[in-house]
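Pasted below: work_11.cif, mmCIF, C-alpha atoms.
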```cif
data_my_file
#
loop_
_atom_site.label_atom_id
_atom_site.label_comp_id
_atom_site.auth_asym_id
_atom_site.auth_seq_id
_atom_site.Cartn_x
_atom_site.Cartn_y
_atom_site.Cartn_z
CA MET A 1 -10.49 0.24 15.01
CA ASP A 2 -8.33 3.06 16.30
CA LYS A 3 -4.88 1.58 16.81
CA SER A 4 -3.99 4.01 19.58
CA ILE A 5 -6.72 2.76 21.89
CA LEU A 6 -5.70 -0.89 21.64
CA PRO A 7 -4.64 -2.23 25.03
CA ASN A 8 -1.06 -3.46 25.20
CA ASP A 9 -1.61 -7.20 25.60
CA PRO A 10 0.28 -9.65 23.34
CA ILE A 11 -2.55 -9.88 20.81
CA ASN A 12 -3.19 -6.18 20.41
CA ASN A 13 0.53 -5.51 20.49
CA LEU A 14 1.08 -7.72 17.44
CA ILE A 15 -1.98 -6.29 15.69
CA ARG A 16 -0.51 -2.83 16.22
CA GLU A 17 2.93 -3.89 14.93
CA LEU A 18 1.48 -5.55 11.83
CA SER A 19 -0.83 -2.60 11.09
CA GLY A 20 2.26 -0.50 10.46
CA LEU A 21 3.35 -2.64 7.51
CA PRO A 22 2.61 -1.49 3.96
CA GLY A 23 -0.66 -2.88 2.62
CA VAL A 24 -1.67 -4.31 6.00
CA GLY A 25 -4.66 -2.54 7.56
CA PRO A 26 -6.06 -3.15 11.07
CA LYS A 27 -8.47 -5.81 9.77
CA SER A 28 -5.78 -7.87 8.02
CA ALA A 29 -3.44 -7.37 10.98
CA GLN A 30 -6.15 -8.87 13.18
CA ARG A 31 -6.71 -11.72 10.73
CA ILE A 32 -2.98 -12.54 10.59
CA THR A 33 -2.66 -12.38 14.38
CA TYR A 34 -5.50 -14.82 14.98
CA TYR A 35 -4.13 -17.04 12.24
CA LEU A 36 -0.77 -17.10 14.06
CA LEU A 37 -2.52 -17.85 17.36
CA ARG A 38 -3.84 -21.01 15.70
CA SER A 39 -0.46 -21.83 14.13
CA SER A 40 2.27 -23.90 15.76
CA GLU A 41 4.91 -22.18 17.86
CA ALA A 42 7.54 -23.46 15.37
CA GLN A 43 5.81 -21.64 12.51
CA VAL A 44 5.69 -18.33 14.39
CA THR A 45 9.30 -18.69 15.54
CA SER A 46 10.36 -19.38 11.98
CA LEU A 47 8.73 -16.11 10.86
CA ALA A 48 10.33 -14.17 13.74
CA ASP A 49 13.72 -15.67 12.88
CA ALA A 50 13.33 -14.70 9.24
CA LEU A 51 12.70 -11.10 10.35
CA ILE A 52 15.78 -10.99 12.58
CA THR A 53 17.97 -12.64 9.93
CA LEU A 54 16.79 -10.17 7.31
CA LYS A 55 18.41 -7.28 9.14
CA GLN A 56 21.42 -9.18 10.44
CA LYS A 57 22.51 -10.87 7.24
CA THR A 58 21.91 -8.23 4.59
CA LYS A 59 23.95 -5.20 3.64
CA LEU A 60 24.28 -2.98 0.59
CA CYS A 61 26.55 -4.09 -2.25
CA ARG A 62 29.53 -1.70 -2.13
CA ILE A 63 29.39 -1.27 -5.89
CA CYS A 64 25.71 -0.89 -6.83
CA CYS A 65 24.03 -0.42 -3.39
CA ASN A 66 21.61 -3.30 -4.04
CA VAL A 67 20.78 -5.36 -0.95
CA SER A 68 23.09 -8.33 -0.74
CA GLU A 69 24.37 -10.99 1.64
CA ASN A 70 27.94 -10.27 0.55
CA ASP A 71 30.11 -7.18 0.11
CA VAL A 72 29.54 -7.39 -3.62
CA CYS A 73 26.16 -8.59 -4.90
CA SER A 74 25.65 -11.52 -7.26
CA ILE A 75 25.03 -9.25 -10.25
CA CYS A 76 28.13 -7.06 -9.77
CA SER A 77 30.28 -10.17 -9.23
CA ASN A 78 28.89 -11.95 -12.31
CA PRO A 79 31.54 -11.80 -15.12
CA ASN A 80 28.80 -12.29 -17.73
CA ARG A 81 27.17 -8.95 -16.91
CA ASN A 82 28.36 -6.05 -19.06
CA PRO A 83 30.21 -3.59 -16.77
CA ALA A 84 29.99 -0.81 -19.35
CA LEU A 85 26.21 -0.51 -18.86
CA VAL A 86 24.65 0.81 -15.64
CA LEU A 87 20.89 0.95 -15.19
CA ILE A 88 19.83 3.29 -12.37
CA VAL A 89 16.74 2.28 -10.39
CA GLU A 90 15.00 3.69 -7.34
CA GLN A 91 14.57 0.53 -5.29
CA PRO A 92 16.04 -2.98 -5.01
CA GLN A 93 12.72 -4.52 -5.96
CA ASP A 94 12.87 -2.73 -9.34
CA ILE A 95 15.86 -4.97 -10.10
CA ILE A 96 13.76 -8.06 -9.45
CA ALA A 97 11.19 -6.93 -12.04
CA LEU A 98 13.89 -6.07 -14.60
CA GLU A 99 15.75 -9.34 -14.02
CA HIS A 100 12.49 -11.22 -14.40
CA SER A 101 12.04 -9.68 -17.85
CA GLY A 102 15.40 -11.11 -18.91
CA ALA A 103 15.89 -8.10 -21.18
CA TYR A 104 18.95 -6.59 -19.53
CA HIS A 105 22.47 -7.93 -19.10
CA GLY A 106 24.39 -4.96 -17.71
CA ARG A 107 24.77 -3.85 -14.10
CA TYR A 108 22.56 -1.70 -11.86
CA HIS A 109 22.76 1.16 -9.41
CA VAL A 110 20.16 1.52 -6.66
CA LEU A 111 19.37 5.05 -5.45
CA HIS A 112 17.13 3.90 -2.57
CA GLY A 113 14.50 6.52 -3.30
CA SER A 114 13.81 9.50 -5.53
CA LEU A 115 14.16 13.24 -5.05
CA SER A 116 11.08 14.61 -3.33
CA PRO A 117 11.26 18.13 -1.89
CA THR A 118 7.76 17.74 -0.42
CA GLU A 119 8.82 14.66 1.55
CA GLY A 120 12.20 16.15 2.40
CA VAL A 121 14.22 13.69 0.31
CA GLY A 122 17.25 15.51 -1.11
CA GLU A 123 20.27 14.34 -3.13
CA GLY A 124 22.16 13.55 0.09
CA ASP A 125 19.52 10.95 1.02
CA LEU A 126 20.05 8.96 -2.18
CA ARG A 127 23.02 6.85 -3.25
CA ILE A 128 24.12 9.44 -5.81
CA GLN A 129 27.64 9.99 -4.49
CA GLU A 130 28.28 6.24 -4.77
CA LEU A 131 27.08 6.40 -8.38
CA MET A 132 29.36 9.31 -9.25
CA ASN A 133 32.34 7.48 -7.68
CA ARG A 134 31.58 4.48 -9.88
CA LEU A 135 31.56 6.60 -13.03
CA GLU A 136 34.95 8.21 -12.34
CA ASP A 137 37.22 5.56 -13.84
CA GLY A 138 35.67 5.74 -17.31
CA ALA A 139 34.71 2.05 -17.50
CA VAL A 140 31.01 2.85 -17.82
CA GLN A 141 29.97 3.83 -21.35
CA GLU A 142 26.21 4.17 -20.96
CA VAL A 143 23.98 5.02 -18.05
CA ILE A 144 20.32 4.04 -18.47
CA ILE A 145 17.97 5.92 -16.18
CA GLY A 146 15.22 3.63 -14.93
CA THR A 147 13.55 5.81 -12.30
CA ASN A 148 9.78 5.56 -12.10
CA PRO A 149 7.59 7.50 -14.55
CA THR A 150 6.29 9.65 -11.67
CA ARG A 151 6.92 13.29 -10.82
CA GLU A 152 9.63 12.35 -8.30
CA GLY A 153 11.17 9.86 -10.70
CA GLU A 154 11.27 12.39 -13.52
CA THR A 155 12.82 15.05 -11.26
CA THR A 156 15.47 12.56 -10.22
CA ALA A 157 16.10 11.56 -13.84
CA LEU A 158 16.66 15.17 -14.90
CA TYR A 159 18.95 15.83 -11.95
CA LEU A 160 21.04 12.73 -12.75
CA LYS A 161 21.28 13.73 -16.42
CA THR A 162 22.77 17.14 -15.50
CA LEU A 163 25.30 15.38 -13.26
CA ILE A 164 26.33 12.60 -15.63
CA SER A 165 26.26 14.24 -19.07
CA PRO A 166 29.31 16.47 -18.35
CA LEU A 167 31.37 13.30 -17.78
CA GLY A 168 30.97 12.42 -21.47
CA ILE A 169 28.98 9.28 -20.66
CA LYS A 170 25.97 8.47 -22.81
CA VAL A 171 22.73 8.91 -20.79
CA THR A 172 19.56 7.13 -21.95
CA ARG A 173 16.22 6.47 -20.33
CA LEU A 174 13.79 3.54 -20.38
CA ALA A 175 11.14 4.17 -23.06
CA ARG A 176 7.76 5.63 -22.15
CA GLY A 177 4.74 4.45 -24.11
CA LEU A 178 1.76 2.16 -24.11
CA PRO A 179 2.13 -0.82 -21.78
CA TYR A 180 1.88 -4.26 -23.40
CA GLY A 181 -1.62 -5.70 -23.33
CA SER A 182 -3.27 -2.36 -22.62
CA GLU A 183 -6.10 -0.80 -24.59
CA LEU A 184 -5.61 2.60 -26.18
CA GLU A 185 -9.16 3.49 -25.20
CA TYR A 186 -8.27 3.38 -21.52
CA ALA A 187 -4.76 4.85 -21.66
CA ASP A 188 -4.27 8.11 -19.75
CA ASP A 189 -3.31 11.39 -21.46
CA THR A 190 0.32 11.38 -20.36
CA THR A 191 0.86 7.82 -21.58
CA LEU A 192 -0.73 8.71 -24.92
CA SER A 193 1.38 11.89 -25.22
CA ASN A 194 4.51 9.90 -24.40
CA ALA A 195 3.58 7.20 -26.89
CA PHE A 196 3.05 9.82 -29.59
CA GLU A 197 6.19 11.83 -28.90
CA GLY A 198 8.31 8.70 -28.68
CA ARG A 199 6.82 7.02 -31.76
CA GLN A 200 9.23 4.62 -33.42
CA ASP A 201 9.93 3.67 -37.06
CA PHE A 202 8.00 0.59 -38.09
CA MET B 1 6.49 -15.50 -8.70
CA ASP B 2 6.59 -19.19 -7.81
CA LYS B 3 7.47 -19.35 -4.14
CA SER B 4 9.09 -22.76 -4.45
CA ILE B 5 11.83 -21.51 -6.75
CA LEU B 6 12.89 -18.65 -4.48
CA PRO B 7 16.50 -19.05 -3.37
CA ASN B 8 17.02 -19.35 0.36
CA ASP B 9 18.74 -16.04 1.12
CA PRO B 10 17.43 -13.82 3.97
CA ILE B 11 15.27 -11.70 1.66
CA ASN B 12 13.58 -14.56 -0.17
CA ASN B 13 13.29 -16.51 3.04
CA LEU B 14 11.23 -13.73 4.63
CA ILE B 15 9.19 -13.27 1.45
CA ARG B 16 8.38 -16.99 1.58
CA GLU B 17 7.46 -16.85 5.28
CA LEU B 18 5.20 -13.82 4.81
CA SER B 19 3.52 -15.27 1.71
CA GLY B 20 2.08 -17.98 3.93
CA LEU B 21 0.06 -15.51 5.98
CA PRO B 22 -3.64 -15.01 5.22
CA GLY B 23 -4.26 -12.18 2.79
CA VAL B 24 -0.57 -11.74 2.01
CA GLY B 25 0.35 -12.75 -1.54
CA PRO B 26 3.88 -12.95 -2.97
CA LYS B 27 3.71 -9.33 -4.16
CA SER B 28 2.73 -7.89 -0.77
CA ALA B 29 5.23 -10.18 0.94
CA GLN B 30 7.91 -8.67 -1.28
CA ARG B 31 6.68 -5.15 -0.57
CA ILE B 32 6.70 -5.73 3.19
CA THR B 33 10.17 -7.30 3.05
CA TYR B 34 11.71 -4.37 1.20
CA TYR B 35 9.90 -1.99 3.52
CA LEU B 36 11.49 -3.77 6.49
CA LEU B 37 14.91 -3.65 4.80
CA ARG B 38 14.56 0.13 4.81
CA SER B 39 13.26 0.19 8.42
CA SER B 40 15.42 0.43 11.51
CA GLU B 41 16.66 -2.74 13.17
CA ALA B 42 14.72 -1.70 16.31
CA GLN B 43 11.46 -1.66 14.35
CA VAL B 44 12.03 -5.13 12.91
CA THR B 45 13.11 -6.52 16.28
CA SER B 46 9.99 -5.08 17.86
CA LEU B 47 7.83 -6.93 15.33
CA ALA B 48 9.77 -10.18 15.86
CA ASP B 49 9.39 -9.81 19.64
CA ALA B 50 5.65 -9.24 19.30
CA LEU B 51 5.41 -12.52 17.35
CA ILE B 52 7.36 -14.49 19.95
CA THR B 53 5.39 -12.94 22.83
CA LEU B 54 2.10 -13.74 21.13
CA LYS B 55 2.72 -17.46 21.46
CA GLN B 56 4.51 -17.35 24.80
CA LYS B 57 2.08 -15.16 26.71
CA THR B 58 -1.29 -16.31 25.49
CA LYS B 59 -3.32 -19.35 26.41
CA LEU B 60 -6.97 -20.37 26.23
CA CYS B 61 -9.30 -19.26 29.02
CA ARG B 62 -10.13 -22.43 30.94
CA ILE B 63 -13.81 -21.47 31.04
CA CYS B 64 -14.69 -20.13 27.57
CA CYS B 65 -11.59 -21.12 25.50
CA ASN B 66 -11.09 -17.53 24.32
CA VAL B 67 -7.44 -16.50 23.95
CA SER B 68 -6.25 -14.83 27.13
CA GLU B 69 -3.14 -13.83 29.01
CA ASN B 70 -4.53 -15.36 32.20
CA ASP B 71 -6.10 -18.67 33.19
CA VAL B 72 -9.49 -17.00 33.11
CA CYS B 73 -10.15 -14.29 30.50
CA SER B 74 -11.29 -10.76 31.28
CA ILE B 75 -14.88 -11.47 30.21
CA CYS B 76 -15.31 -14.65 32.28
CA SER B 77 -13.78 -12.92 35.32
CA ASN B 78 -15.98 -9.83 34.96
CA PRO B 79 -18.73 -9.94 37.64
CA ASN B 80 -20.92 -7.64 35.53
CA ARG B 81 -21.29 -10.23 32.77
CA ASN B 82 -24.36 -12.42 33.06
CA PRO B 83 -23.14 -16.02 33.70
CA ALA B 84 -26.55 -17.46 32.79
CA LEU B 85 -26.07 -16.51 29.11
CA VAL B 86 -23.48 -18.19 26.89
CA LEU B 87 -22.99 -17.12 23.27
CA ILE B 88 -21.14 -19.72 21.18
CA VAL B 89 -18.84 -18.41 18.46
CA GLU B 90 -16.46 -20.07 16.05
CA GLN B 91 -13.38 -17.87 16.54
CA PRO B 92 -11.93 -15.46 19.14
CA GLN B 93 -12.15 -12.59 16.63
CA ASP B 94 -15.94 -13.05 16.51
CA ILE B 95 -15.96 -11.92 20.15
CA ILE B 96 -14.18 -8.70 19.21
CA ALA B 97 -16.92 -7.87 16.69
CA LEU B 98 -19.70 -8.70 19.15
CA GLU B 99 -18.06 -6.73 21.97
CA HIS B 100 -17.63 -3.79 19.63
CA SER B 101 -21.38 -3.78 19.02
CA GLY B 102 -21.96 -3.40 22.76
CA ALA B 103 -25.20 -5.40 22.39
CA TYR B 104 -24.28 -8.38 24.53
CA HIS B 105 -23.53 -8.65 28.24
CA GLY B 106 -23.33 -12.39 28.86
CA ARG B 107 -20.40 -14.74 28.43
CA TYR B 108 -18.99 -16.57 25.43
CA HIS B 109 -17.72 -19.95 24.36
CA VAL B 110 -15.19 -20.27 21.55
CA LEU B 111 -15.31 -23.46 19.45
CA HIS B 112 -12.14 -22.65 17.47
CA GLY B 113 -13.65 -23.70 14.20
CA SER B 114 -16.77 -25.27 12.73
CA LEU B 115 -17.68 -28.81 11.70
CA SER B 116 -16.45 -29.48 8.19
CA PRO B 117 -16.37 -33.08 6.99
CA THR B 118 -14.75 -32.00 3.70
CA GLU B 119 -11.86 -30.39 5.58
CA GLY B 120 -11.70 -33.20 8.10
CA VAL B 121 -12.83 -31.08 11.06
CA GLY B 122 -14.92 -33.26 13.39
CA GLU B 123 -16.47 -32.63 16.81
CA GLY B 124 -13.26 -33.75 18.53
CA ASP B 125 -11.38 -30.86 16.89
CA LEU B 126 -13.67 -28.22 18.39
CA ARG B 127 -14.02 -27.12 22.02
CA ILE B 128 -17.37 -28.87 22.39
CA GLN B 129 -16.43 -31.09 25.35
CA GLU B 130 -15.38 -27.96 27.28
CA LEU B 131 -18.78 -26.42 26.47
CA MET B 132 -20.70 -29.46 27.68
CA ASN B 133 -18.69 -29.51 30.92
CA ARG B 134 -19.65 -25.87 31.47
CA LEU B 135 -23.32 -26.61 31.04
CA GLU B 136 -23.37 -29.48 33.57
CA ASP B 137 -23.90 -27.48 36.76
CA GLY B 138 -27.18 -25.89 35.62
CA ALA B 139 -26.00 -22.27 35.99
CA VAL B 140 -26.45 -21.52 32.31
CA GLN B 141 -30.06 -20.79 31.35
CA GLU B 142 -29.70 -19.86 27.69
CA VAL B 143 -27.20 -20.78 25.01
CA ILE B 144 -27.13 -18.46 21.99
CA ILE B 145 -25.59 -20.03 18.92
CA GLY B 146 -23.52 -17.48 17.01
CA THR B 147 -21.78 -19.67 14.45
CA ASN B 148 -21.37 -18.16 11.00
CA PRO B 149 -24.30 -18.21 8.55
CA THR B 150 -22.33 -20.59 6.29
CA ARG B 151 -22.86 -24.25 5.53
CA GLU B 152 -20.25 -25.29 8.12
CA GLY B 153 -21.64 -22.85 10.68
CA GLU B 154 -25.20 -24.13 10.16
CA THR B 155 -24.09 -27.76 10.46
CA THR B 156 -22.31 -26.92 13.70
CA ALA B 157 -25.36 -25.03 14.99
CA LEU B 158 -27.66 -28.01 14.34
CA TYR B 159 -25.20 -30.41 15.96
CA LEU B 160 -24.91 -28.22 19.07
CA LYS B 161 -28.69 -27.90 19.31
CA THR B 162 -29.10 -31.71 19.42
CA LEU B 163 -26.46 -31.88 22.17
CA ILE B 164 -27.73 -29.02 24.34
CA SER B 165 -31.53 -29.25 24.04
CA PRO B 166 -31.77 -32.54 26.04
CA LEU B 167 -30.14 -30.72 29.00
CA GLY B 168 -33.27 -28.55 29.33
CA ILE B 169 -31.33 -25.39 28.46
CA LYS B 170 -32.95 -22.85 26.14
CA VAL B 171 -31.12 -22.75 22.77
CA THR B 172 -31.45 -19.67 20.56
CA ARG B 173 -29.59 -18.46 17.50
CA LEU B 174 -28.51 -15.00 16.27
CA ALA B 175 -31.15 -13.67 13.88
CA ARG B 176 -30.74 -14.04 10.13
CA GLY B 177 -32.04 -11.25 7.93
CA LEU B 178 -31.13 -8.20 5.94
CA PRO B 179 -27.90 -6.57 7.07
CA TYR B 180 -28.17 -2.94 8.18
CA GLY B 181 -27.47 -0.45 5.41
CA SER B 182 -27.97 -3.02 2.64
CA GLU B 183 -30.28 -2.68 -0.33
CA LEU B 184 -33.02 -5.25 -0.86
CA GLU B 185 -32.35 -5.10 -4.59
CA TYR B 186 -28.89 -6.60 -4.11
CA ALA B 187 -29.65 -9.07 -1.31
CA ASP B 188 -29.06 -12.74 -2.17
CA ASP B 189 -31.86 -15.32 -2.22
CA THR B 190 -30.94 -17.00 1.05
CA THR B 191 -30.80 -13.68 2.91
CA LEU B 192 -34.19 -12.73 1.48
CA SER B 193 -35.70 -16.12 2.40
CA ASN B 194 -34.29 -15.80 5.92
CA ALA B 195 -35.61 -12.25 6.22
CA PHE B 196 -39.05 -13.39 5.10
CA GLU B 197 -39.22 -16.50 7.28
CA GLY B 198 -37.94 -14.63 10.30
CA ARG B 199 -40.18 -11.58 9.82
CA GLN B 200 -40.90 -9.79 13.07
CA ASP B 201 -43.96 -7.97 14.44
CA PHE B 202 -43.74 -4.26 13.77
#
```
In structure tokens, write the structure found in this file.
Amino acid sequence: MDKSILPNDPINNLIRELSGLPGVGPKSAQRITYYLLRSSEAQVTSLADALITLKQKTKLCRICCNVSENDVCSICSNPNRNPALVLIVEQPQDIIALEHSGAYHGRYHVLHGSLSPTEGVGEGDLRIQELMNRLEDGAVQEVIIGTNPTREGETTALYLKTLISPLGIKVTRLARGLPYGSELEYADDTTLSNAFEGRQDF
Amino acid sequence: MDKSILPNDPINNLIRELSGLPGVGPKSAQRITYYLLRSSEAQVTSLADALITLKQKTKLCRICCNVSENDVCSICSNPNRNPALVLIVEQPQDIIALEHSGAYHGRYHVLHGSLSPTEGVGEGDLRIQELMNRLEDGAVQEVIIGTNPTREGETTALYLKTLISPLGIKVTRLARGLPYGSELEYADDTTLSNAFEGRQDF
């Protein structure tokens, strides 16, 4: 179905709106719309309210730029988190995955993207200035770069290293290697190269 | 992620709401939510408005029970559609597929479901009474049953046939057989049986 030829009635209007969401194609947008047509008005209103509230009640933490209901997010305001460690991630949802692992007890910094010249994302589009301001007072002893192992993520990691190293702060990076539960047979070349180059004493 | 343990902040609230939609799991709900956090407020409001409008501006056509903005839907009010033919479908979205095929020029009747004793859906839950009222005046000459080729759809088809046949109206059913573009080698037993039993002169 070509979205542009949909007439502008309430049904096709919602199908068009939903089709723009990530991972939602025209078919699923149609399925969701007809599901909502069968749902109660209260259920649909509750979803609409949740959407409105999302934008009205969230802001960026003024320390780490994570999304938060308050000026300072729950991680930055937690006295049990080590303020000397800052893990830099691309997106807020990366924090959810890391927190779920339970492996990290420092703080974060969210860039809200990665450097991508092809998509026109430059350093001014990321929360890099906020990061540099944080590092000024010398309280941070180690910065762990947790950008994605993609071309954009690697570019961003290198750029951050050249910015932070001169400050005398230790810069590390999340390890690259074989993912847990994977089979060597099916690992790609880059993963295997990374696993070899980063081999650890055993 | 267990939805029930999500805290009730705006982000997790929307993730929970979206996770209830068909085809949207917790992971996609999270992806959509963070996508919307990065979107403009206008974009999110537009989606919320489309949801509210969907319920406020749609009703069921009083003739065929299809969803419509008006008392009578665009198909029932179209003088070029043959009023002597009524094709019965389970859901409004079935009409979209049939209209897209361009093969049919009569009218429809939407049951809004199929008989399913296991799910507690009985004849009173479907728009069967509305169908029978339509058939009273003798204007309809043929009823084509287009319920799904599933157990529930077949049960519904048989039930409708016993109701409609005594009225002296011709009852037909959409053909079962091999779907276009399929390979016989991979067709299931029921499809092959149907294709054999329903074999046509050539």
key: Selection result for the PyMOL selection byres ((chain A) within 10 of (chain B)) on this file, as a PyMOL selection string   = chain A and resi 1+9-18+20-24+28-59+67-69+91-93+100+112
Run the PyMOL selection byres ((chain B and resi 138) around 10) on the file and write out the hits as an mmCIF file with C-alpha atoms, in the coordinates of the input.
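So the final result, stored in selection.cif, reads:
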```
data_model
loop_
_atom_site.group_PDB
_atom_site.id
_atom_site.type_symbol
_atom_site.label_atom_id
_atom_site.label_comp_id
_atom_site.auth_asym_id
_atom_site.auth_seq_id
_atom_site.Cartn_x
_atom_site.Cartn_y
_atom_site.Cartn_z
ATOM 1 C CA ALA B 84 -26.550 -17.460 32.790
ATOM 2 C CA ARG B 134 -19.650 -25.870 31.470
ATOM 3 C CA LEU B 135 -23.320 -26.610 31.040
ATOM 4 C CA GLU B 136 -23.370 -29.480 33.570
ATOM 5 C CA ASP B 137 -23.900 -27.480 36.760
ATOM 6 C CA ALA B 139 -26.000 -22.270 35.990
ATOM 7 C CA VAL B 140 -26.450 -21.520 32.310
ATOM 8 C CA GLN B 141 -30.060 -20.790 31.350
ATOM 9 C CA LEU B 167 -30.140 -30.720 29.000
ATOM 10 C CA GLY B 168 -33.270 -28.550 29.330
ATOM 11 C CA ILE B 169 -31.330 -25.390 28.460
#
```
inquiry  = Quick check, in Å to one decimal: how far apart do CA of Met132 (chain B) and CA of Asn194 (chain B) lie?
reply    = 29.1 Å
ask   = Please, what distance in Å, to one decimal, runs between CA of Asn148 (chain A) and CA of Gly25 (chain A)?
value =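 CA of Gly25 (chain A) lies at a distance of 25.7 Å from CA of Asn148 (chain A).
The interatomic distance for the pair CA of Gln129 (chain B) and CA of Leu111 (chain B) works out to 9.7 Å.
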task = Run through the PyMOL selection byres ((chain B and resi 76) around 12) on the given coordinates and return the selected residues as a VMD selection string.
result = chain B and resid 60 to 68 70 to 75 77 to 86 105 to 109
Determine the axis-aligned bounding box of all atoms of region 57-72 of chain B present in the file, pad each side by 6 Å, and express its centre and edge lengths in Å to one decimal place as lines of an AutoDock Vina configuration file.
```
center_x = -6.3
center_y = -18.1
center_z = 28.6
size_x = 28.8
size_y = 20.6
size_z = 21.2
```
What lies within 9 Å of Tyr104 (chain A) using all atoms listed in the file, ignoring chain neighbours under 5 positions off, as a compact mmCIF listing (two decimals) with C-alpha atoms, in the coordinates of the input?
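Generated file (selection22.txt):
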```txt
# COMPACT_ATOMS: atom_id res chain seq x y z
CA ARG A 81 27.17 -8.95 -16.91
CA LEU A 87 20.89 0.95 -15.19
CA LEU A 98 13.89 -6.07 -14.60
CA GLU A 99 15.75 -9.34 -14.02
```
ask   = Skipping near chain neighbours, those fewer than 5 positions away, what residues fall within 9 Å of Asp94 (chain B) using all atoms listed in the file, listed as a PyMOL selection string?
value = chain B and resi 89+99+110+146
